Amino acid sequence: MKEVILKLEGVHKKFVASKKSFRKKATFVHALNDISLEVYRGETLAIVGESGCGKSTLGRVANKILDVEEGEVYFDGINITHLNTKKMLKYRKKMQVIFQDPYGSLNPRLKIRDLIGEPLLVHSEMNKNQRENKVKELLNIVGLSEEHATRYPHEFSGGQRQRVGIARALSVNPSLIIADEPISALDVSIQAQILNIFKELQNKYDLTYIFISHDLSVVEMISDRIGVMYLGKLVEIADKNNLYNNPMHPYTKALLSAIPVADPTRKKKRIILNGDIPSPIDAPKGCPFSTRCPEVMDICKNKMPELIKLSDSHSAACHLIKK
Amino acid sequence: MKNLLTIKNLKTEFKKDKSSVTAIEGVSFDIKEGEIVGLVGESGSGKSVTSLSIMSLLGEQGKVTEGSVEFKGENVLDLSKNEIRKLRGGKMSMIFQDPMSSLNPVLKIGDQLMESSKLHLGFSKAKAKEHSIKMLDLVGIPSPENLMTRYPHQLSGGMCQRIMISMAMACNPELLIADEPTTALDVTIQAQIMELILELKEKKNMGILLITHDLGVVAEMCDKVLVMYAGRIVEKANILDLFKSPKHPYTKGLIASVPKLGSGNSELPFIEGKVPSLENMPKGCKFSPRCSSAIDICFTKEPKLVKISPNRECRCHLVKEIEEKES
């Protein structure tokens, strides 16, 4: 039996987009619309989608950086939805975040030693010496050397900074790491290095990852299961084989066919979607994908499809599936 | 087909404090009509400097110190500022990487679009407007009349990139330089834009220089590829040859490190280290510190770009050995 480490139940999150005056009603961006999912211990769940689909918000809600409006979040079987900051500290130690932009997420005024030691200062009772030893150990784990400890972030390249970000997240021995587009700001040859580190660490420390990305070809290498999001909705979630070989939702199909393949001999027919992603402020009624879907039916425009379970490891939200 | 653009031995330097650094050196290639040439490499390899040198957009600090850029038989570098201004945006035009910040945020889309056709084609305001609407229609924008009065911040990234493309296409350019035209966009939008560029190329028979770091995009769009590393072209080949049998160790590493769909859970091969900075270029072959098959000569002497077959060139000391091994 797979052990559930993180569970979201019917989570909603809205952001106020604009409130022009007291009398007018505020408009909202519905960033997460009724999301339910489970993350199992030791697996990598990838969340994929285009910009504005709510994937980063999902990561933040899971870690309680953001509070949810409706729904519940469970971590290790404990409901953390309404915990206050102080009580949350204990759980936050167990789930760490790695951010997208390795340039913006490290304080330029702190030395690497202090950056990596900072979580230890908050979450552990180590003294200065112990912390320094731990930092050295962590630097070695992520493939940097000990003399890097006294340098500043600007002296590092993007790939090295992302390694620092990983070391920082690892410092407090978390069981869940939420990685928000950790490699999209890096060059191809560096991406491969960082991805390999992710895999290596997972085996070594039995980590669970939520890996947020927009790139389905990167995700295939690292993940066990993949969730596809569109405009705040989870439209399909499946294990890797099912998703790549047997995608059910038209959006997943389009997304897969849109990936450019580094093989000029392979000529495939591509599904070109019409139009842009609608603004999440006035998202379409009914299925969020109905405005661009090549197989749209009348019912799609009025009724939101539910997430239907196709097999134990495959669910999709589409009206076409019932037929 | 005749050559549209011929670049010979281009060298560009940038002033830094009192000395100068060389950003690109010995860059030579040509683009024919109706051909898409891809320029690939990691960040800092000199892709964008090459395109800016062609367009004479280097700014105060940069200067082309050697070589020539011939556009339809005329050396662009010899032209005066006014003459080049007539060419730029007219016969030669460019699509920039970041569509959101390349458009002027305080001008309406219409005003920005009409500027080039008024300037280069001498259209009146009314005619320029008509022409711009036609261009917007060409790039697949629904209800273009409404769009003319909007501001860039009201539009999505994909829309802005379409506008950048229609702006670049407005004066029927013969040469289009597209600097990472789809990098800032989502995959489904990227697919739309790539399709659009291919379609426009067919219609107008332009020559296109496509700059990108994404080998997938290159494989789907280009006829010829130039691989750049540390300011030098290290390999030149037809698209099929490059992916079938990459010759330079850097190209091999680059192609191997791209995650492929259907490859499963296997570990990705990667290139150790990073691109050297302009001030600390290694002696000898610029790739030697990262190269797994480097021999002694690689660290002392820089290899030349050698022709290995009619359409292929490679800059590596080991090329002969690789050839022998494979044959």
# chains A, B, ... in the order shown; residues from 1 in each chain; ligands from 1
>>> interface_residues(of="chain A", to="chain B", cutoff="7 Å", atoms="only C-alpha atoms", output="list in words")
Glu50, Ser51, Asp187, Val188, Ser189, Ala192, Gln193, Asn196, Ser217, Val218, Glu220, Met221, Ile222, Leu255, Ala258, Ile259, Pro260, Val261, Ala262, Asp263, Pro264, Ile272 and Leu273 of chain A
>>> write_last_selection(atoms="N, CA and C atoms", output="PDB file, in the first residue's frame")
ATOM      1  N   GLU A  50       0.741  25.419 -18.828  1.00  0.00           N
ATOM      2  CA  GLU A  50       1.315  26.627 -19.391  1.00  0.00           C
ATOM      3  C   GLU A  50       1.253  27.760 -18.380  1.00  0.00           C
ATOM      4  N   SER A  51       1.844  28.901 -18.735  1.00  0.00           N
ATOM      5  CA  SER A  51       1.872  29.989 -17.775  1.00  0.00           C
ATOM      6  C   SER A  51       0.458  30.421 -17.412  1.00  0.00           C
ATOM      7  N   ASP A 187      20.715  26.566 -19.075  1.00  0.00           N
ATOM      8  CA  ASP A 187      21.046  26.065 -20.408  1.00  0.00           C
ATOM      9  C   ASP A 187      20.878  24.545 -20.474  1.00  0.00           C
ATOM     10  N   VAL A 188      20.703  24.039 -21.683  1.00  0.00           N
ATOM     11  CA  VAL A 188      20.400  22.607 -21.862  1.00  0.00           C
ATOM     12  C   VAL A 188      21.422  21.695 -21.180  1.00  0.00           C
ATOM     13  N   SER A 189      22.716  21.985 -21.392  1.00  0.00           N
ATOM     14  CA  SER A 189      23.716  21.056 -20.856  1.00  0.00           C
ATOM     15  C   SER A 189      23.748  21.127 -19.330  1.00  0.00           C
ATOM     16  N   ALA A 192      20.650  19.148 -17.701  1.00  0.00           N
ATOM     17  CA  ALA A 192      20.869  17.717 -17.543  1.00  0.00           C
ATOM     18  C   ALA A 192      21.622  17.430 -16.244  1.00  0.00           C
ATOM     19  N   GLN A 193      22.626  18.270 -15.927  1.00  0.00           N
ATOM     20  CA  GLN A 193      23.378  18.085 -14.678  1.00  0.00           C
ATOM     21  C   GLN A 193      22.459  18.170 -13.464  1.00  0.00           C
ATOM     22  N   ASN A 196      20.037  15.273 -13.067  1.00  0.00           N
ATOM     23  CA  ASN A 196      20.711  14.084 -12.548  1.00  0.00           C
ATOM     24  C   ASN A 196      20.911  14.174 -11.037  1.00  0.00           C
ATOM     25  N   SER A 217       8.890  17.273 -21.884  1.00  0.00           N
ATOM     26  CA  SER A 217       9.988  16.369 -22.223  1.00  0.00           C
ATOM     27  C   SER A 217      10.978  16.240 -21.065  1.00  0.00           C
ATOM     28  N   VAL A 218      11.081  17.284 -20.255  1.00  0.00           N
ATOM     29  CA  VAL A 218      11.943  17.219 -19.076  1.00  0.00           C
ATOM     30  C   VAL A 218      11.307  16.340 -18.009  1.00  0.00           C
ATOM     31  N   GLU A 220       9.304  13.875 -18.229  1.00  0.00           N
ATOM     32  CA  GLU A 220       9.246  12.430 -18.447  1.00  0.00           C
ATOM     33  C   GLU A 220      10.408  11.722 -17.767  1.00  0.00           C
ATOM     34  N   MET A 221      11.559  12.397 -17.760  1.00  0.00           N
ATOM     35  CA  MET A 221      12.738  11.739 -17.235  1.00  0.00           C
ATOM     36  C   MET A 221      12.690  11.591 -15.721  1.00  0.00           C
ATOM     37  N   ILE A 222      12.063  12.531 -15.056  1.00  0.00           N
ATOM     38  CA  ILE A 222      12.181  12.558 -13.604  1.00  0.00           C
ATOM     39  C   ILE A 222      10.955  12.031 -12.863  1.00  0.00           C
ATOM     40  N   LEU A 255      -0.732  19.361 -25.999  1.00  0.00           N
ATOM     41  CA  LEU A 255       0.512  19.728 -25.319  1.00  0.00           C
ATOM     42  C   LEU A 255       1.635  18.779 -25.725  1.00  0.00           C
ATOM     43  N   ALA A 258       2.779  19.405 -29.277  1.00  0.00           N
ATOM     44  CA  ALA A 258       3.423  20.696 -29.529  1.00  0.00           C
ATOM     45  C   ALA A 258       4.904  20.701 -29.193  1.00  0.00           C
ATOM     46  N   ILE A 259       5.384  19.671 -28.490  1.00  0.00           N
ATOM     47  CA  ILE A 259       6.795  19.664 -28.106  1.00  0.00           C
ATOM     48  C   ILE A 259       7.663  19.492 -29.347  1.00  0.00           C
ATOM     49  N   PRO A 260       8.613  20.410 -29.566  1.00  0.00           N
ATOM     50  CA  PRO A 260       9.504  20.217 -30.706  1.00  0.00           C
ATOM     51  C   PRO A 260      10.447  19.043 -30.433  1.00  0.00           C
ATOM     52  N   VAL A 261      10.589  18.153 -31.394  1.00  0.00           N
ATOM     53  CA  VAL A 261      11.419  16.973 -31.196  1.00  0.00           C
ATOM     54  C   VAL A 261      12.752  17.161 -31.905  1.00  0.00           C
ATOM     55  N   ALA A 262      13.839  16.878 -31.194  1.00  0.00           N
ATOM     56  CA  ALA A 262      15.167  17.080 -31.768  1.00  0.00           C
ATOM     57  C   ALA A 262      15.529  15.929 -32.692  1.00  0.00           C
ATOM     58  N   ASP A 263      14.707  15.722 -33.705  1.00  0.00           N
ATOM     59  CA  ASP A 263      14.965  14.667 -34.662  1.00  0.00           C
ATOM     60  C   ASP A 263      14.325  15.068 -35.989  1.00  0.00           C
ATOM     61  N   PRO A 264      15.143  15.580 -36.931  1.00  0.00           N
ATOM     62  CA  PRO A 264      14.571  16.129 -38.163  1.00  0.00           C
ATOM     63  C   PRO A 264      13.934  15.079 -39.062  1.00  0.00           C
ATOM     64  N   ILE A 272      -2.386  21.918 -33.858  1.00  0.00           N
ATOM     65  CA  ILE A 272      -2.189  23.342 -33.579  1.00  0.00           C
ATOM     66  C   ILE A 272      -3.475  23.886 -32.974  1.00  0.00           C
ATOM     67  N   LEU A 273      -3.368  24.390 -31.765  1.00  0.00           N
ATOM     68  CA  LEU A 273      -4.549  24.930 -31.110  1.00  0.00           C
ATOM     69  C   LEU A 273      -4.820  26.333 -31.638  1.00  0.00           C
TER      70      LEU A 273
END
>>> select_by_dssp(residues="segment 79-288 of chain B", states="strand (DSSP E or B)", output="list in words")
Arg88, Met92, Ser93, Met94, Ile95, Leu175, Leu176, Ile177, Ala178, Asp179, Gly207, Ile208, Leu209, Leu210, Ile211, Thr212, Lys224, Val225, Leu226, Val227, Met228, Tyr229, Arg232, Ile233, Val234, Glu235, Lys236, Ala237 and Asn238 of chain B
>>> write_last_selection(atoms="C-alpha atoms", output="PDB file, in the first residue's frame")
ATOM      1  CA  ARG B  88      17.107  48.033 -41.412  1.00  0.00           C
ATOM      2  CA  MET B  92      16.458  43.359 -43.444  1.00  0.00           C
ATOM      3  CA  SER B  93      14.379  43.018 -40.352  1.00  0.00           C
ATOM      4  CA  MET B  94      14.483  41.387 -36.999  1.00  0.00           C
ATOM      5  CA  ILE B  95      12.222  39.717 -34.454  1.00  0.00           C
ATOM      6  CA  LEU B 175      16.142  38.707 -44.827  1.00  0.00           C
ATOM      7  CA  LEU B 176      14.585  38.042 -41.453  1.00  0.00           C
ATOM      8  CA  ILE B 177      16.635  37.555 -38.303  1.00  0.00           C
ATOM      9  CA  ALA B 178      14.622  35.892 -35.576  1.00  0.00           C
ATOM     10  CA  ASP B 179      16.399  35.988 -32.220  1.00  0.00           C
ATOM     11  CA  GLY B 207      15.942  33.966 -46.044  1.00  0.00           C
ATOM     12  CA  ILE B 208      15.734  33.474 -42.284  1.00  0.00           C
ATOM     13  CA  LEU B 209      18.415  33.328 -39.619  1.00  0.00           C
ATOM     14  CA  LEU B 210      16.828  31.568 -36.655  1.00  0.00           C
ATOM     15  CA  ILE B 211      18.693  31.979 -33.394  1.00  0.00           C
ATOM     16  CA  THR B 212      17.722  29.577 -30.652  1.00  0.00           C
ATOM     17  CA  LYS B 224      21.102  24.293 -42.259  1.00  0.00           C
ATOM     18  CA  VAL B 225      22.572  24.624 -38.772  1.00  0.00           C
ATOM     19  CA  LEU B 226      25.516  26.515 -37.329  1.00  0.00           C
ATOM     20  CA  VAL B 227      26.649  25.490 -33.867  1.00  0.00           C
ATOM     21  CA  MET B 228      28.384  28.227 -31.912  1.00  0.00           C
ATOM     22  CA  TYR B 229      30.584  27.939 -28.867  1.00  0.00           C
ATOM     23  CA  ARG B 232      33.215  30.652 -32.741  1.00  0.00           C
ATOM     24  CA  ILE B 233      31.313  28.484 -35.149  1.00  0.00           C
ATOM     25  CA  VAL B 234      32.364  24.965 -34.250  1.00  0.00           C
ATOM     26  CA  GLU B 235      30.217  23.036 -36.696  1.00  0.00           C
ATOM     27  CA  LYS B 236      28.270  23.722 -39.862  1.00  0.00           C
ATOM     28  CA  ALA B 237      26.018  21.100 -41.397  1.00  0.00           C
ATOM     29  CA  ASN B 238      22.744  20.255 -43.053  1.00  0.00           C
TER      30      ASN B 238
END
>>> closest_residue(among="A:Ala46, A:Ala17, A:Leu6, A:Ala149", to="Ser279 of chain A", atoms="only C-alpha atoms")
A:Ala17
>>> select_by_dssp(residues="segment 40-215 of chain A", states="alpha helix (DSSP H)", output="ChimeraX atom specification")
/A:55-62,85-92,112-123,128-141,158-170,188-205
>>> residues_around(residues="segment 21-34 of chain A", least_positions_apart="5", cutoff="9 Å", atoms="only C-alpha atoms", output="list in words")
Glu9, Gly10, Val11, His12, Lys13, Lys14, Phe15, Val16, Gly52, Cys53, Gly54, Lys55, Thr57, Leu58, Glu70, Gly71, Leu231, Gly232, Lys233, Leu234, Ser279, Pro280, Ile281, Asp282 and Ala283 of chain A
>>> atom_distance(atom1="atom CA of Pro99 of chain B", atom2="atom CA of Cys160 of chain B")
5.5 Å
>>> closest_residue(among="B:Val27, B:Ile197, B:Thr149, B:Val69", to="Gln161 of chain B", atoms="only C-alpha atoms")
B:Ile197
>>> residues_around(residues="Arg161 of chain A", least_positions_apart="2", cutoff="12 Å", atoms="only C-alpha atoms", output="MDAnalysis selection string")
chainID A and resid 98:108 111:112 115:116 139 142:144 148 151:159 163:168 182:183 185:186 190 194
>>> write_last_selection(atoms="C-alpha atoms", output="short mmCIF file (atom, residue, chain, number, x, y, z; two decimals), in the first residue's frame")
data_model
loop_
_atom_site.label_atom_id
_atom_site.label_comp_id
_atom_site.auth_asym_id
_atom_site.auth_seq_id
_atom_site.Cartn_x
_atom_site.Cartn_y
_atom_site.Cartn_z
CA ILE A 98 13.31 25.11 -4.53
CA PHE A 99 12.48 28.16 -6.57
CA GLN A 100 12.57 28.85 -10.26
CA ASP A 101 14.90 31.78 -10.58
CA PRO A 102 18.33 30.97 -9.17
CA TYR A 103 19.28 34.63 -9.62
CA GLY A 104 16.40 36.13 -7.70
CA SER A 105 15.97 33.59 -4.94
CA LEU A 106 19.35 33.96 -3.24
CA ASN A 107 20.04 37.05 -1.16
CA PRO A 108 22.98 38.76 -2.91
CA LYS A 111 27.63 34.38 1.68
CA ILE A 112 26.85 30.88 0.50
CA LEU A 115 22.50 31.06 2.80
CA ILE A 116 22.74 27.33 3.29
CA LEU A 139 28.16 21.52 -0.53
CA VAL A 142 25.36 18.86 -4.43
CA GLY A 143 28.70 18.82 -6.21
CA LEU A 144 30.21 22.11 -5.06
CA HIS A 148 32.66 27.95 -2.24
CA ARG A 151 31.73 33.33 -1.74
CA TYR A 152 28.73 35.44 -2.71
CA PRO A 153 25.95 34.38 -5.09
CA HIS A 154 27.05 36.74 -7.90
CA GLU A 155 30.27 34.76 -8.27
CA PHE A 156 28.32 31.69 -9.33
CA SER A 157 26.76 30.60 -12.61
CA GLY A 158 23.08 29.71 -12.89
CA GLY A 159 23.67 26.00 -12.52
CA ARG A 163 22.86 23.70 -6.62
CA VAL A 164 23.01 26.12 -3.69
CA GLY A 165 19.21 26.26 -3.75
CA ILE A 166 19.08 22.48 -3.58
CA ALA A 167 21.60 22.36 -0.71
CA ARG A 168 19.51 24.91 1.17
CA PRO A 182 13.97 24.47 -10.97
CA ILE A 183 15.70 24.09 -14.33
CA ALA A 185 16.23 29.22 -16.33
CA LEU A 186 19.26 27.06 -17.20
CA ILE A 190 23.35 22.44 -17.32
CA ILE A 194 20.76 19.42 -12.27
#
>>> residues_around(residues="Ser124 of chain A", least_positions_apart="5", cutoff="12 Å", atoms="only C-alpha atoms", output="NGL selection string")
:A and (89-90 or 93 or 117-119 or 130-131 or 134 or 171-173)
